[in-house]
Amino acid sequence: MKIGIVTWLGTGNFGTSLQSYALHRKLEEIGYDVCFLPYFSFSEFTLYGKFKKILRSSKHLAAVIFKRLFFGAKHQSKIQLFNKYNYNIRVVSTQKQYEKLLQNIDVFVTGSDQIWNCYHSFNPFYFLSFAGNVKRVAYASSIGTTTFPKDKESEIGALLSKFKHIGVREKTAVSLIKNLLNRTDVRQVVDPTFLLDKKHWLSFAENAKIEFEVPEKYILCYFVGNESCTEQQLEAVRQQLEINNIIVIPAMENAEIRFSNALIYRNAGPYEFVHLISHATCVCTDSFHATAISIITQKNFIEFMRFKDNDKKSQNSRIYDLLNHYGLMNRLYKSNDSTLFDPIDYTEVAKKVQIDREDCLEYLKNSIDQ
């Protein structure tokens, strides 16, 4: 059976890379013939559309140059090589290729990440608007927020109604889509990164090529947000844990991050990202996927928040869902819980992760096969 995956391909955001890699890899392991489908637009099939695509490519090149200035050539090279060797990418740039795609693909699967966050960006492509009569399945597609924009609800509802099965990442998204579509079969599933076990991710991390000597004990920091209080809070963590070494991996969205007396590691690719998380004494982060990898590899972590809860565009719900699901709400820095700095007992958490993995794999296979 031929599966076409539709999600974002990582170009610098580590979470994007890891979720798309995990879904692609797990579907291949199950035995499906998998391809990854990058964004395309019907307007690009025309001569004028191709010209516009060239202009967009020039903007992309400018973005690449920007990333090289802040992250260095090694970072970009690692991302490009990762994408080259871990995905079967199928490019569609003509009407003929599009028609052949619909003939060859049995099921389109939308992946994880916030591809349905319509406050960030509404793109019908990621709701499979192009899929014709081919079966549609959503696996862990994320909304990130608790609502859809009112002016987009009707169009979103029409697109989602064509899905045979809908599995979303956040608990809040389940009720949102159930109410929008008036259907009862929408369910919550775990992020694709949880479909691969601890052993897999530790083996994945062995591919890392780190250009400095990693200390025996360190705090690994990965902050997508840029809150003014973060450095003060991090210093409090450092003193409490009595760990001097701090390694910071800059996020694409927070490229200019600086902390006093910290090593800023700009050359990380996906392998190095997972390696440094899985070997850290403690992980400090505001990232969903850095948290997910910390849980899967059973690391101590402290969760920082990058949104105010009353912010309409807040993405906190996905963090709350994740932590609450695994009984780890005490890891929120703002929780003031006395056990915040204690080592995490992963005995029960690991059991729940395993149950979730088996349950969601069954859902994924049944959704595709039935």
# chains A, B, ... in the order shown; residues from 1 in each chain; ligands from 1
>>> residues_around(residues="stretch 184-198 of chain A", least_positions_apart="6", cutoff="9 Å", atoms="only C-alpha atoms", output="PyMOL selection string")
chain A and resi 18-23+25-26+111-113+139-142+165-171+173-175+177-178+289+292-293+296-298+322+353-354+356-361+363
>>> select_by_dssp(residues="stretch 163-266 of chain A", states="alpha helix (DSSP H)", output="count of residues only")
31
>>> residues_around(residues="A:Arg331", least_positions_apart="2", cutoff="8 Å", atoms="only C-alpha atoms", output="list in words")
Phe301, Ile302, Glu303, Leu323, Leu328, Met329, Tyr333, Ser335, Asp337 and Leu340 of chain A
>>> closest_residue(among="A:Lys365, A:His24, A:Lys217, A:Arg238", to="A:Asn88", atoms="only C-alpha atoms")
A:His24
>>> closest_atom_pairs(of="stretch 3-25 of chain A", to="stretch 272-275 of chain A", cutoff="12 Å", atoms="only C-alpha atoms", output="Markdown table")
| residue | atom | partner | partner_atom | distance |
| --- | --- | --- | --- | --- |
| A:Gly12 | CA | A:Phe273 | CA | 11.3 |
| A:Asn13 | CA | A:Phe273 | CA | 10.5 |
| A:Phe14 | CA | A:Phe273 | CA | 7.3 |
| A:Gly15 | CA | A:Phe273 | CA | 9.7 |
| A:Ser17 | CA | A:Phe273 | CA | 10.6 |
| A:Leu18 | CA | A:Val274 | CA | 9.1 |
>>> closest_residue(among="A:Phe125, A:Asn244, A:Ser161, A:Phe212", to="A:Arg266", atoms="only C-alpha atoms")
A:Phe212
>>> closest_residue(among="A:Thr230, A:Asn300, A:Ser203, A:Asn330", to="A:Arg258", atoms="only C-alpha atoms")
A:Thr230
>>> closest_residue(among="A:Leu128, A:Ile89, A:Ile79, A:Ile219", to="A:Cys282", atoms="only C-alpha atoms")
A:Ile219
>>> closest_residue(among="A:Glu242, A:Asp33, A:Asp151, A:Glu99", to="A:Phe341", atoms="only C-alpha atoms")
A:Glu242
>>> residues_around(residues="A:Thr94", least_positions_apart="3", cutoff="7 Å", atoms="only C-alpha atoms", output="PDB file with N, CA and C atoms, in the first residue's frame")
ATOM      1  N   PHE A  45       1.768  25.234 -11.698  1.00  0.00           N
ATOM      2  CA  PHE A  45       1.856  24.428 -12.907  1.00  0.00           C
ATOM      3  C   PHE A  45       1.881  25.301 -14.168  1.00  0.00           C
ATOM      4  N   GLN A  97       2.264  15.132 -13.266  1.00  0.00           N
ATOM      5  CA  GLN A  97       2.773  14.524 -12.033  1.00  0.00           C
ATOM      6  C   GLN A  97       1.691  14.455 -10.967  1.00  0.00           C
ATOM      7  N   TYR A  98       0.855  15.485 -10.921  1.00  0.00           N
ATOM      8  CA  TYR A  98      -0.246  15.514  -9.953  1.00  0.00           C
ATOM      9  C   TYR A  98      -1.248  14.394 -10.247  1.00  0.00           C
TER      10      TYR A  98
END
>>> closest_residue(among="A:Lys78, A:Asp321, A:Glu213, A:Asn86", to="A:Tyr271", atoms="only C-alpha atoms")
A:Lys78
>>> atom_distance(atom1="atom CA of A:Ala280", atom2="atom CA of A:Asn83")
25.4 Å
>>> atom_distance(atom1="atom CA of A:Phe288", atom2="atom CA of A:Ile143")
13.0 Å
